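Below is target28.txt, holding compact mmCIF, C-alpha atoms.
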# COMPACT_ATOMS: atom_id res chain seq x y z
CA MET Z 1 -137.28 -43.27 -14.73
CA ALA Z 2 -139.10 -42.45 -11.50
CA ASP Z 3 -140.31 -45.27 -9.29
CA PRO Z 4 -143.98 -46.10 -9.75
CA THR Z 5 -146.28 -45.03 -6.96
CA ILE Z 6 -147.69 -48.05 -5.18
CA HIS Z 7 -150.81 -47.31 -3.17
CA PHE Z 8 -151.51 -49.47 -0.11
CA PRO Z 9 -155.05 -48.54 0.96
CA GLY Z 10 -155.86 -49.75 4.46
CA SER Z 11 -159.65 -49.76 4.13
CA LEU Z 12 -162.33 -50.06 1.50
CA GLY Z 13 -163.16 -46.35 1.80
CA GLU Z 14 -159.55 -45.43 1.15
CA LEU Z 15 -159.37 -47.86 -1.78
CA LEU Z 16 -162.43 -46.30 -3.46
CA GLN Z 17 -161.02 -42.82 -2.92
CA ILE Z 18 -157.72 -43.74 -4.54
CA ARG Z 19 -159.54 -45.52 -7.36
CA LYS Z 20 -161.51 -42.36 -8.04
CA ARG Z 21 -158.36 -40.24 -7.98
CA HIS Z 22 -156.42 -42.65 -10.19
CA PRO Z 23 -158.96 -44.47 -12.39
CA GLU Z 24 -156.11 -45.44 -14.72
CA ALA Z 25 -154.26 -47.31 -11.95
CA PRO Z 26 -154.56 -51.09 -12.19
CA VAL Z 27 -155.65 -52.94 -9.08
CA TYR Z 28 -153.20 -55.59 -7.89
CA ALA Z 29 -154.68 -58.53 -5.99
CA GLY Z 30 -152.66 -61.77 -6.11
CA GLY Z 31 -150.82 -60.84 -9.29
CA THR Z 32 -150.57 -64.44 -10.44
CA PHE Z 33 -151.98 -63.83 -13.93
CA LEU Z 34 -149.88 -60.71 -14.45
CA LEU Z 35 -146.70 -62.45 -13.34
CA ALA Z 36 -147.36 -65.60 -15.32
CA GLN Z 37 -147.79 -63.44 -18.45
CA ARG Z 38 -144.58 -61.46 -18.11
CA SER Z 39 -141.79 -62.11 -20.55
CA ALA Z 40 -138.92 -60.52 -18.62
CA ARG Z 41 -137.29 -61.21 -15.26
CA PHE Z 42 -139.13 -58.31 -13.65
CA VAL Z 43 -142.66 -56.93 -13.56
CA SER Z 44 -143.51 -53.92 -15.70
CA LEU Z 45 -145.22 -51.55 -13.35
CA PRO Z 46 -147.45 -48.65 -14.43
CA PRO Z 47 -146.96 -45.16 -12.91
CA HIS Z 48 -149.65 -45.89 -10.30
CA LEU Z 49 -150.68 -49.24 -8.88
CA ILE Z 50 -153.18 -50.04 -6.14
CA THR Z 51 -152.60 -53.16 -4.06
CA LEU Z 52 -155.38 -54.82 -2.10
CA GLN Z 53 -153.27 -56.66 0.46
CA ASP Z 54 -154.12 -54.36 3.41
CA VAL Z 55 -157.84 -53.85 2.72
CA ASP Z 56 -159.40 -55.93 5.50
CA GLU Z 57 -162.92 -55.76 4.07
CA LEU Z 58 -161.75 -57.63 0.98
CA HIS Z 59 -160.32 -60.51 3.02
CA ARG Z 60 -163.43 -61.40 5.02
CA ILE Z 61 -165.35 -64.64 4.69
CA THR Z 62 -168.87 -65.19 5.98
CA ARG Z 63 -171.14 -68.16 5.62
CA THR Z 64 -174.86 -68.22 6.24
CA GLU Z 65 -177.33 -71.02 5.63
CA ARG Z 66 -178.09 -69.63 2.20
CA TYR Z 67 -174.78 -68.45 0.85
CA LEU Z 68 -171.05 -68.19 1.17
CA GLU Z 69 -169.82 -64.63 0.87
CA PHE Z 70 -166.20 -63.56 0.69
CA GLY Z 71 -164.11 -60.56 -0.18
CA ALA Z 72 -162.76 -60.40 -3.72
CA ALA Z 73 -159.17 -60.55 -2.41
CA VAL Z 74 -159.65 -63.77 -0.45
CA SER Z 75 -157.13 -66.27 -1.74
CA VAL Z 76 -158.05 -69.53 -3.40
CA ARG Z 77 -156.17 -71.41 -0.69
CA GLU Z 78 -158.19 -69.74 2.08
CA LEU Z 79 -161.39 -70.91 0.40
CA LEU Z 80 -160.04 -74.43 0.01
CA GLN Z 81 -159.21 -74.48 3.70
CA LEU Z 82 -162.86 -73.82 4.56
CA GLY Z 83 -163.46 -77.51 3.98
CA SER Z 84 -165.90 -79.43 1.85
CA GLY Z 85 -168.93 -78.65 4.01
CA ASN Z 86 -168.65 -74.93 3.40
CA VAL Z 87 -167.83 -74.70 -0.30
CA PRO Z 88 -169.93 -76.28 -3.10
CA GLY Z 89 -168.17 -79.38 -4.42
CA ALA Z 90 -167.78 -78.16 -8.00
CA LEU Z 91 -166.32 -74.87 -6.83
CA ARG Z 92 -163.96 -76.68 -4.50
CA ASP Z 93 -162.72 -78.84 -7.37
CA ALA Z 94 -162.31 -75.75 -9.55
CA LEU Z 95 -160.38 -73.94 -6.82
CA GLY Z 96 -158.07 -76.95 -6.59
CA HIS Z 97 -157.24 -76.53 -10.29
CA VAL Z 98 -156.20 -72.87 -10.10
CA GLY Z 99 -152.60 -73.76 -9.33
CA PRO Z 100 -150.24 -75.54 -6.95
CA PRO Z 101 -150.58 -74.70 -3.22
CA ALA Z 102 -148.09 -71.84 -3.34
CA VAL Z 103 -149.87 -70.15 -6.26
CA ALA Z 104 -153.29 -70.83 -4.71
CA GLY Z 105 -152.09 -68.89 -1.67
CA LEU Z 106 -151.66 -65.78 -3.84
CA ALA Z 107 -154.42 -66.14 -6.47
CA THR Z 108 -157.76 -64.53 -5.67
CA VAL Z 109 -161.28 -65.17 -6.91
CA GLY Z 110 -161.70 -61.48 -7.74
CA GLY Z 111 -158.56 -61.64 -9.84
CA ASN Z 112 -159.79 -64.75 -11.64
CA LEU Z 113 -163.01 -62.92 -12.55
CA ALA Z 114 -161.39 -59.65 -13.53
CA ILE Z 115 -159.15 -60.95 -16.30
CA SER Z 116 -160.21 -59.47 -19.57
CA GLY Z 117 -160.35 -61.28 -22.92
CA ARG Z 118 -160.77 -64.82 -21.61
CA LEU Z 119 -162.67 -66.77 -19.01
CA MET Z 120 -160.45 -68.29 -16.37
CA THR Z 121 -160.99 -71.56 -14.47
CA LEU Z 122 -163.46 -70.34 -11.87
CA VAL Z 123 -165.81 -68.34 -14.09
CA PRO Z 124 -167.92 -71.19 -15.56
CA VAL Z 125 -168.46 -72.77 -12.13
CA LEU Z 126 -169.30 -69.49 -10.45
CA ALA Z 127 -171.72 -68.70 -13.27
CA LEU Z 128 -173.44 -72.06 -12.97
CA LEU Z 129 -173.80 -71.67 -9.20
CA ASP Z 130 -175.63 -68.32 -9.71
CA THR Z 131 -172.80 -66.42 -8.06
CA ARG Z 132 -173.07 -62.65 -7.88
CA VAL Z 133 -170.21 -60.22 -7.66
CA GLU Z 134 -170.34 -56.78 -6.12
CA ALA Z 135 -168.72 -53.92 -8.04
CA ARG Z 136 -168.27 -50.74 -6.02
CA ARG Z 137 -167.29 -47.21 -6.63
CA GLN Z 138 -167.56 -44.26 -4.24
CA GLY Z 139 -171.20 -43.86 -3.30
CA ARG Z 140 -172.48 -46.70 -5.48
CA SER Z 141 -172.65 -50.45 -5.44
CA ARG Z 142 -174.10 -52.93 -7.91
CA TRP Z 143 -174.24 -56.70 -8.13
CA ILE Z 144 -173.40 -58.52 -11.34
CA ALA Z 145 -174.10 -62.18 -12.15
CA ALA Z 146 -170.77 -64.01 -12.50
CA GLY Z 147 -171.82 -65.20 -15.96
CA ARG Z 148 -172.24 -61.58 -17.06
CA VAL Z 149 -169.00 -60.18 -15.70
CA HIS Z 150 -167.51 -60.59 -19.19
CA ARG Z 151 -169.20 -58.87 -22.10
CA THR Z 152 -169.45 -60.74 -25.40
CA ASP Z 153 -166.30 -59.00 -26.65
CA GLY Z 154 -164.41 -60.29 -23.61
CA THR Z 155 -164.06 -56.99 -21.78
CA VAL Z 156 -164.92 -56.97 -18.09
CA ASP Z 157 -168.07 -55.12 -17.06
CA LEU Z 158 -166.29 -52.91 -14.55
CA GLY Z 159 -166.32 -49.11 -14.64
CA VAL Z 160 -163.04 -47.20 -14.61
CA ASP Z 161 -163.33 -46.30 -10.95
CA GLU Z 162 -165.04 -49.50 -9.83
CA VAL Z 163 -163.53 -52.45 -8.05
CA PHE Z 164 -164.83 -55.95 -7.31
CA THR Z 165 -165.40 -56.15 -3.58
CA ARG Z 166 -167.54 -59.16 -2.67
CA VAL Z 167 -168.46 -62.51 -4.15
CA ARG Z 168 -171.66 -64.25 -3.05
CA VAL Z 169 -172.12 -67.95 -3.83
CA PRO Z 170 -175.56 -69.47 -3.10
CA LEU Z 171 -175.37 -72.74 -1.19
CA SER Z 172 -178.11 -74.65 -2.99
CA SER Z 173 -178.15 -78.38 -2.55
CA TRP Z 174 -177.19 -80.36 -5.64
CA THR Z 175 -177.45 -84.11 -6.03
CA LYS Z 176 -174.41 -84.24 -8.27
CA GLN Z 177 -171.67 -81.73 -9.01
CA VAL Z 178 -168.95 -82.40 -11.52
CA PHE Z 179 -165.97 -80.32 -12.55
CA ARG Z 180 -163.34 -81.25 -15.14
CA ARG Z 181 -160.57 -79.22 -16.68
CA PHE Z 182 -158.19 -79.85 -19.57
CA GLY Z 183 -155.22 -77.72 -20.57
CA SER Z 184 -154.69 -74.24 -19.21
CA GLU Z 185 -156.25 -70.91 -20.11
CA LEU Z 186 -152.75 -69.46 -19.86
CA ALA Z 187 -151.68 -71.66 -22.78
CA PRO Z 188 -154.28 -71.36 -25.58
CA ASP Z 189 -152.44 -74.00 -27.65
CA SER Z 190 -153.23 -76.57 -24.93
CA ASP Z 191 -156.87 -76.52 -26.12
CA PRO Z 192 -158.15 -75.52 -22.68
CA LEU Z 193 -161.58 -76.68 -21.70
CA THR Z 194 -163.40 -76.32 -18.41
CA PHE Z 195 -166.56 -78.33 -17.85
CA CYS Z 196 -169.05 -78.16 -15.02
CA GLY Z 197 -172.33 -79.97 -14.50
CA LEU Z 198 -174.89 -79.67 -11.70
CA VAL Z 199 -177.94 -81.83 -11.14
CA ARG Z 200 -180.76 -81.78 -8.64
CA SER Z 201 -182.96 -84.83 -8.65
CA SER Z 202 -185.58 -86.30 -6.40
CA ASN Z 203 -187.00 -89.83 -6.54
CA GLN Z 204 -184.90 -90.36 -9.68
CA ILE Z 205 -186.63 -87.48 -11.46
CA LEU Z 206 -184.45 -84.64 -12.77
CA GLU Z 207 -185.62 -81.41 -11.18
CA GLU Z 208 -182.83 -79.22 -12.47
CA ILE Z 209 -179.80 -79.74 -14.64
CA ARG Z 210 -177.12 -77.23 -15.63
CA ILE Z 211 -174.19 -77.87 -17.91
CA VAL Z 212 -171.56 -75.34 -18.91
CA GLY Z 213 -168.24 -75.33 -20.66
CA SER Z 214 -165.57 -72.77 -21.31
CA ALA Z 215 -162.76 -72.91 -23.81
CA GLY Z 216 -161.02 -69.91 -22.32
CA THR Z 217 -162.67 -67.67 -24.91
CA PRO Z 218 -164.97 -64.89 -23.65
CA GLN Z 219 -168.20 -66.89 -24.16
CA LEU Z 220 -169.58 -69.67 -22.01
CA ILE Z 221 -170.82 -72.79 -23.80
CA ARG Z 222 -174.28 -73.51 -22.48
CA ASP Z 223 -177.49 -74.78 -24.04
CA LYS Z 224 -180.48 -73.97 -21.85
CA SER Z 225 -182.93 -75.53 -24.27
CA MET Z 226 -181.25 -78.91 -23.82
CA GLU Z 227 -181.33 -78.46 -20.04
CA ALA Z 228 -185.05 -77.57 -20.14
CA GLU Z 229 -185.74 -80.62 -22.31
CA LEU Z 230 -184.13 -82.93 -19.75
CA VAL Z 231 -185.97 -81.61 -16.70
CA GLY Z 232 -188.67 -84.04 -15.55
CA ARG Z 233 -186.96 -87.09 -17.09
CA ARG Z 234 -186.26 -90.18 -15.03
CA VAL Z 235 -182.64 -91.12 -14.36
CA PRO Z 236 -180.66 -93.01 -15.44
CA LEU Z 237 -181.25 -91.63 -18.90
CA SER Z 238 -181.50 -94.12 -21.73
CA ASN Z 239 -178.97 -94.07 -24.58
CA ARG Z 240 -181.74 -92.75 -26.84
CA GLU Z 241 -182.49 -89.84 -24.49
CA VAL Z 242 -178.81 -88.96 -24.28
CA ARG Z 243 -178.51 -89.08 -28.07
CA GLN Z 244 -181.51 -86.77 -28.44
CA ALA Z 245 -180.05 -84.39 -25.85
CA LEU Z 246 -176.76 -84.30 -27.74
CA GLU Z 247 -178.60 -83.58 -30.99
CA LEU Z 248 -180.20 -80.61 -29.25
CA PHE Z 249 -176.85 -79.53 -27.86
CA GLY Z 250 -175.45 -79.56 -31.38
CA GLU Z 251 -172.04 -78.13 -32.15
CA PRO Z 252 -170.78 -75.71 -29.50
CA ASP Z 253 -170.76 -72.12 -30.78
CA GLY Z 254 -167.77 -69.85 -30.72
CA ASP Z 255 -164.14 -69.95 -31.69
CA LEU Z 256 -163.33 -73.50 -30.58
CA SER Z 257 -160.76 -75.91 -31.90
CA ALA Z 258 -161.81 -79.34 -33.19
CA ILE Z 259 -160.40 -80.93 -30.03
CA GLN Z 260 -162.39 -78.59 -27.81
CA ARG Z 261 -165.62 -79.29 -29.73
CA VAL Z 262 -165.21 -83.04 -29.58
CA ARG Z 263 -164.17 -82.96 -25.93
CA MET Z 264 -167.13 -80.80 -24.94
CA ARG Z 265 -169.63 -83.12 -26.63
CA ARG Z 266 -168.00 -86.17 -25.06
CA LEU Z 267 -168.11 -84.58 -21.62
CA VAL Z 268 -171.80 -83.75 -21.99
CA LYS Z 269 -172.47 -87.36 -23.07
CA TRP Z 270 -170.38 -88.78 -20.20
CA PHE Z 271 -172.12 -86.54 -17.69
CA LEU Z 272 -175.62 -87.44 -18.89
CA LEU Z 273 -174.89 -91.16 -19.01
CA GLY Z 274 -173.54 -90.99 -15.46
CA LEU Z 275 -176.71 -89.57 -13.95
CA ARG Z 276 -178.27 -91.86 -11.38
CA MET X 1 -138.51 -47.62 -3.13
CA ARG X 2 -137.81 -48.24 0.55
CA ILE X 3 -139.14 -51.59 1.60
CA VAL X 4 -139.23 -52.68 5.20
CA PHE X 5 -139.73 -56.37 5.81
CA THR X 6 -138.61 -59.24 8.00
CA LEU X 7 -136.43 -61.95 6.53
CA ASN X 8 -135.71 -65.05 8.62
CA GLY X 9 -136.54 -63.13 11.77
CA GLU X 10 -134.31 -60.15 10.94
CA ALA X 11 -135.88 -56.75 10.25
CA LEU X 12 -134.59 -55.21 7.01
CA ASP X 13 -135.02 -51.76 5.55
CA LEU X 14 -133.80 -51.77 1.95
CA GLU X 15 -133.96 -49.57 -1.11
CA LEU X 16 -135.30 -51.93 -3.78
CA ASP X 17 -136.62 -51.71 -7.29
CA PRO X 18 -140.34 -52.49 -6.73
CA SER X 19 -140.51 -54.36 -10.04
CA ASP X 20 -137.81 -56.89 -9.11
CA LEU X 21 -138.86 -60.40 -8.15
CA MET X 22 -138.33 -61.44 -4.55
CA VAL X 23 -136.47 -64.57 -5.61
CA ASP X 24 -133.86 -62.32 -7.26
CA VAL X 25 -133.79 -59.86 -4.35
CA ILE X 26 -133.15 -62.70 -1.91
CA ARG X 27 -130.56 -64.44 -4.06
CA ILE X 28 -128.69 -61.56 -5.67
CA ARG X 29 -129.09 -58.71 -3.22
CA LEU X 30 -129.11 -60.70 0.00
CA GLY X 31 -126.99 -63.67 -1.04
CA LEU X 32 -129.37 -66.38 0.16
CA THR X 33 -129.30 -68.86 -2.69
CA GLY X 34 -131.50 -71.65 -1.33
CA ALA X 35 -134.52 -70.43 -3.30
CA ARG X 36 -133.76 -71.14 -6.96
CA PRO X 37 -135.40 -69.63 -10.01
CA GLY X 38 -136.84 -72.54 -12.01
CA CYS X 39 -139.88 -72.20 -14.23
CA LEU X 40 -140.50 -68.55 -13.18
CA GLN X 41 -144.22 -69.32 -13.49
CA GLY X 42 -144.87 -70.31 -9.89
CA GLN X 43 -145.31 -73.95 -10.83
CA CYS X 44 -142.10 -75.86 -10.05
CA GLY X 45 -141.63 -75.00 -6.37
CA SER X 46 -137.88 -74.42 -6.49
CA CYS X 47 -138.16 -70.77 -5.36
CA THR X 48 -140.66 -71.43 -2.56
CA LEU X 49 -140.73 -69.08 0.41
CA LEU X 50 -142.98 -68.77 3.41
CA PHE X 51 -144.56 -65.38 2.88
CA ASN X 52 -146.48 -64.17 5.93
CA GLY X 53 -146.66 -67.78 7.05
CA LYS X 54 -148.01 -69.08 3.75
CA LEU X 55 -146.26 -70.89 0.93
CA ALA X 56 -145.54 -68.61 -1.99
CA PRO X 57 -143.32 -68.81 -5.07
CA GLY X 58 -140.61 -66.15 -4.87
CA CYS X 59 -140.88 -65.67 -8.64
CA MET X 60 -144.50 -64.52 -8.30
CA ILE X 61 -143.86 -61.86 -5.69
CA PRO X 62 -142.71 -58.46 -6.88
CA ALA X 63 -140.52 -56.62 -4.37
CA PHE X 64 -143.21 -54.05 -3.53
CA ARG X 65 -145.41 -56.82 -2.14
CA ALA X 66 -142.80 -57.58 0.49
CA TYR X 67 -143.58 -54.28 2.20
CA GLY X 68 -144.33 -55.18 5.83
CA ALA X 69 -144.11 -58.92 5.10
CA ASP X 70 -142.54 -61.66 7.17
CA ILE X 71 -140.52 -63.98 4.93
CA LEU X 72 -138.87 -67.28 5.80
CA THR X 73 -136.44 -68.92 3.38
CA ILE X 74 -134.90 -72.39 3.51
CA GLU X 75 -131.84 -70.81 5.19
CA GLY X 76 -134.07 -69.44 7.96
CA LEU X 77 -135.83 -72.75 8.33
CA ARG X 78 -132.50 -74.55 8.79
CA LYS X 79 -131.95 -72.54 11.98
CA LEU X 80 -135.20 -73.72 13.53
CA PRO X 81 -135.30 -76.92 15.63
CA GLU X 82 -138.16 -78.25 13.51
CA PHE X 83 -135.84 -78.50 10.52
CA GLY X 84 -133.66 -81.07 12.27
CA ALA X 85 -136.71 -83.13 13.18
CA ILE X 86 -138.03 -83.03 9.61
CA GLU X 87 -134.60 -83.92 8.24
CA ARG X 88 -134.33 -86.90 10.58
CA ALA X 89 -137.80 -88.09 9.57
CA PHE X 90 -136.80 -87.81 5.88
CA GLU X 91 -133.57 -89.73 6.54
CA ARG X 92 -135.58 -92.47 8.20
CA ALA X 93 -137.77 -92.68 5.11
CA ARG X 94 -134.64 -92.52 2.90
CA ALA X 95 -135.90 -89.33 1.31
CA LYS X 96 -133.26 -86.76 0.47
CA PRO X 97 -134.50 -83.74 -1.51
CA CYS X 98 -131.91 -82.38 -3.94
CA ARG X 99 -130.66 -78.79 -4.02
CA PHE X 100 -133.22 -77.88 -6.67
CA CYS X 101 -136.25 -78.93 -4.68
CA GLU X 102 -135.16 -78.67 -1.05
CA ALA X 103 -136.69 -75.20 -0.55
CA GLY X 104 -140.06 -76.36 -1.85
CA THR X 105 -140.01 -79.73 -0.10
CA TYR X 106 -138.86 -78.59 3.34
CA LEU X 107 -140.92 -75.40 3.43
CA SER X 108 -144.04 -77.21 2.18
CA THR X 109 -143.54 -79.86 4.87
CA TYR X 110 -143.01 -77.20 7.52
CA ALA X 111 -146.14 -75.32 6.37
CA LEU X 112 -148.22 -78.49 6.44
CA LEU X 113 -147.01 -79.45 9.91
CA ARG X 114 -147.77 -75.99 11.27
CA SER X 115 -151.27 -75.96 9.82
CA SER X 116 -154.22 -77.50 11.56
CA GLU X 117 -154.67 -79.83 8.60
CA GLU X 118 -154.43 -83.53 9.30
CA THR X 119 -151.40 -85.15 7.72
CA THR X 120 -153.37 -87.59 5.61
CA ASP X 121 -151.90 -89.06 2.42
CA GLU X 122 -154.14 -86.75 0.41
CA ALA X 123 -153.10 -83.62 2.32
CA ILE X 124 -149.43 -84.54 2.00
CA ARG X 125 -149.69 -85.25 -1.71
CA GLN X 126 -151.61 -82.03 -2.23
CA THR X 127 -148.91 -80.10 -0.37
CA LEU X 128 -146.15 -81.73 -2.40
CA SER X 129 -147.99 -81.15 -5.68
CA GLY X 130 -146.30 -77.76 -5.84
CA VAL X 131 -142.86 -79.38 -6.08
CA TRP X 132 -142.16 -80.74 -9.53
CA CYS X 133 -138.78 -82.33 -8.87
CA ARG X 134 -138.81 -86.13 -8.68
CA CYS X 135 -135.29 -86.69 -7.33
CA THR X 136 -136.74 -88.53 -4.36
CA THR X 137 -139.90 -90.44 -5.03
CA HIS X 138 -143.02 -88.96 -3.58
CA GLU X 139 -143.73 -92.22 -1.75
CA ARG X 140 -140.62 -91.72 0.39
CA LEU X 141 -141.44 -88.08 1.03
CA VAL X 142 -145.00 -88.97 2.01
CA ARG X 143 -143.59 -91.55 4.43
CA GLY X 144 -141.08 -89.04 5.78
CA ILE X 145 -143.74 -86.43 6.45
CA LYS X 146 -145.85 -89.04 8.19
CA TYR X 147 -142.90 -89.98 10.39
CA ALA X 148 -142.38 -86.31 11.24
CA ALA X 149 -146.06 -85.88 12.09
CA ALA X 150 -146.11 -89.09 14.14
CA GLN X 151 -143.12 -87.87 16.14
CA GLY X 152 -145.16 -84.84 17.07
CA VAL X 153 -143.17 -82.40 14.96
CA ARG X 154 -145.43 -79.39 15.02
CA SER X 155 -144.02 -76.20 13.70
CA ARG X 156 -144.28 -73.06 15.76
CA THR X 157 -147.12 -70.76 14.92
Will you turn the file into structure tokens for me?
Amino acid sequence: MADPTIHFPGSLGELLQIRKRHPEAPVYAGGTFLLAQRSARFVSLPPHLITLQDVDELHRITRTERYLEFGAAVSVRELLQLGSGNVPGALRDALGHVGPPAVAGLATVGGNLAISGRLMTLVPVLALLDTRVEARRQGRSRWIAAGRVHRTDGTVDLGVDEVFTRVRVPLSSWTKQVFRRFGSELAPDSDPLTFCGLVRSSNQILEEIRIVGSAGTPQLIRDKSMEAELVGRRVPLSNREVRQALELFGEPDGDLSAIQRVRMRRLVKWFLLGLR
Amino acid sequence: MRIVFTLNGEALDLELDPSDLMVDVIRIRLGLTGARPGCLQGQCGSCTLLFNGKLAPGCMIPAFRAYGADILTIEGLRKLPEFGAIERAFERARAKPCRFCEAGTYLSTYALLRSSEETTDEAIRQTLSGVWCRCTTHERLVRGIKYAAAQGVRSRT
């Protein structure tokens, strides 16, 4: 069998050209998901493959007062090395859970977002932080909210000749940011669950609260009506207020195991009781 | 596929199957057996390499990714003066990584010492979190790395 053709575009323009010429060619960023999924001692390569390693534009990081923006092929480790002052706390914690240091040096945020059929570790946090992702094709660019990158059927909202190029994370100030993760999305039988909570309060009054969970399935677990109900309350919340909030939250929707359901409700309760 | 890369400072131009894993290329094709295939999921640290100056599991790098790369294995590290200094610091702390984990432990230590990161307990533990083996307790390794840092062992950049 002939060797596959590996394309090494050296610029974004070249990448988009190749993507247009070979829309069927997968884009290879860090490759950590692909390699962790393989069953043999080698990687099955398609006839054409596009690697992002030499596309400078996808490896840039900029930070302004309002947001942190980075190329989709920036590695998780590079973001961790920016330090706590430059990356929102919940995102930093989530980045630290992507894998051990050596894997974090290969894994990319774009790759984490582009996996079809399940939500990986970073997606819930990025969604909660109002992150937007740029999808580009030749002559066109559009921004997608991180929480809408995956359609309800789990497919990724990316055209055949499009590629994720930039990720923009707003740097809003939050009073409290919490991230917790159980199991691994790579092992569905580990009952994976990712939880993230953000709170903004002033003078002990809740101004904004966001809570999200993900069980690795394509849908995020979020109840905006419960969040709206809690805004304006004084913290700490009483046991009665937490109980009422949990009643509103109800049973998480979607294809969740009993462990995931119980864990999600307990995390919401723990988070609400911990508000100060 | 012809792949040109640098291994332990030596430029190589090899005909490789792009779908092979670098840990296998380095062990089987090039005979350097210090990087060992363990979990093959990038988690255990036994096949660790320095890939373009950064830690990377050899089992997560297909051969085509090595194109133009600069790779350092444990064998290459042994030839650098910093290795001796790290080894002496480990001996002082009575930490002796076994054959399974030496690539991950030494290369992780070398990478930490060459970075601008401070060698705090947290940074050391985070660095060593990619090495699963517990042949030498982490406490001793943490102490050893601190000794190395205190002696001014700074890897070349």
Provide as an MDAnalysis selection string the residues of chain Z at most 6 Å from chain X, counting all atoms listed in the file. chainID Z and resid 35:36 42:43 100:102
Let's have the selection written as a CSV table (one decimal), in the coordinates of the input, with C-alpha atoms.
chain,number,residue,atom,x,y,z
Z,35,LEU,CA,-146.7,-62.4,-13.3
Z,36,ALA,CA,-147.4,-65.6,-15.3
Z,42,PHE,CA,-139.1,-58.3,-13.6
Z,43,VAL,CA,-142.7,-56.9,-13.6
Z,100,PRO,CA,-150.2,-75.5,-7.0
Z,101,PRO,CA,-150.6,-74.7,-3.2
Z,102,ALA,CA,-148.1,-71.8,-3.3
How many Å separate atom CA of Arg142 of chain Z from atom CA of Arg168 of chain Z?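 Separation of atom CA of Arg142 of chain Z and atom CA of Arg168 of chain Z: 12.6 Å.
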Show me the residues close to (-138.0, -80.0, -1.0) - anything with an atom within 10 Å, counting all atoms listed in the file - and format the list as a count of residues only. 28
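As for atom CA of Val235 of chain Z and atom CA of Val169 of chain Z, they are spaced 27.5 Å apart.
For the pair atom CA of Ser141 of chain Z and atom CA of Gln81 of chain Z, the separation is 29.0 Å.
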Nearest to Leu113 of chain X, chosen from X:Ala85, X:Val142, X:Ala148, X:Ala93, with all atoms listed in the file counted in the distances: X:Ala148
Near-Leu79 of chain Z list (10 Å; only C-alpha atoms; drop same-chain fewer than 2 positions) as a list in words: Ile61, Phe70, Val74, Ser75, Val76, Arg77, Gln81, Leu82, Gly83, Ser84, Asn86, Val87, Leu91, Arg92, Leu95, Gly96, Ala104, Gly105, Thr108 and Val109 of chain Z
What's the 12 Å shell around Leu12 of chain X, counting only C-alpha atoms, without same-chain residues fewer than 3 positions away, as a VMD selection string? chain X and resid 2 to 9 15 to 16 26 30 66 to 71
Quick one: 5 Å padding each side, axis-aligned, all listed atoms of segment 36-39 of chain X - centre and edge lengths in Å to one decimal, as AutoDock Vina command-line options?
--center_x -136.8 --center_y -71.1 --center_z -10.6 --size_x 16.1 --size_y 12.9 --size_z 17.3
Of the residues Z:Val167, Z:Ala187, Z:Val133, Z:Leu246, which is the one nearest to Leu68 of chain Z, using all atoms listed in the file? Z:Val167
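Distances to Arg88 of chain X were evaluated for X:Thr137, X:Gln151, X:Thr33, X:Thr120 using all atoms listed in the file, and the minimum falls at X:Gln151.
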Excluding same-chain residues fewer than 2 positions from Ser173 of chain Z, what lies within 10 Å of it counting all atoms listed in the file, as a list in words?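 Using all atoms listed in the file, the neighbours found are Arg66, Pro88, Pro170, Leu171, Thr175, Lys176, Gln177, Leu198, Val199 and Arg200 of chain Z.
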With distances taken over only C-alpha atoms, the candidate from X:Glu10, X:Ile124, X:Ser115, X:Cys47 nearest Gly76 of chain X is X:Glu10
Around the point (-170.6, -53.7, -8.4) in the file's coordinates, collect all residues with an atom within 12 Å, using only C-alpha atoms, and return them as a PyMOL selection string. chain Z and resi 72+110+132-146+148-149+156-168
Filtering to C-alpha atoms, could you give me those residues as a CSV table (one decimal), in the frame of the given file?
chain,number,residue,atom,x,y,z
Z,72,ALA,CA,-162.8,-60.4,-3.7
Z,110,GLY,CA,-161.7,-61.5,-7.7
Z,132,ARG,CA,-173.1,-62.6,-7.9
Z,133,VAL,CA,-170.2,-60.2,-7.7
Z,134,GLU,CA,-170.3,-56.8,-6.1
Z,135,ALA,CA,-168.7,-53.9,-8.0
Z,136,ARG,CA,-168.3,-50.7,-6.0
Z,137,ARG,CA,-167.3,-47.2,-6.6
Z,138,GLN,CA,-167.6,-44.3,-4.2
Z,139,GLY,CA,-171.2,-43.9,-3.3
Z,140,ARG,CA,-172.5,-46.7,-5.5
Z,141,SER,CA,-172.6,-50.4,-5.4
Z,142,ARG,CA,-174.1,-52.9,-7.9
Z,143,TRP,CA,-174.2,-56.7,-8.1
Z,144,ILE,CA,-173.4,-58.5,-11.3
Z,145,ALA,CA,-174.1,-62.2,-12.2
Z,146,ALA,CA,-170.8,-64.0,-12.5
Z,148,ARG,CA,-172.2,-61.6,-17.1
Z,149,VAL,CA,-169.0,-60.2,-15.7
Z,156,VAL,CA,-164.9,-57.0,-18.1
Z,157,ASP,CA,-168.1,-55.1,-17.1
Z,158,LEU,CA,-166.3,-52.9,-14.6
Z,159,GLY,CA,-166.3,-49.1,-14.6
Z,160,VAL,CA,-163.0,-47.2,-14.6
Z,161,ASP,CA,-163.3,-46.3,-11.0
Z,162,GLU,CA,-165.0,-49.5,-9.8
Z,163,VAL,CA,-163.5,-52.4,-8.0
Z,164,PHE,CA,-164.8,-56.0,-7.3
Z,165,THR,CA,-165.4,-56.2,-3.6
Z,166,ARG,CA,-167.5,-59.2,-2.7
Z,167,VAL,CA,-168.5,-62.5,-4.2
Z,168,ARG,CA,-171.7,-64.2,-3.0
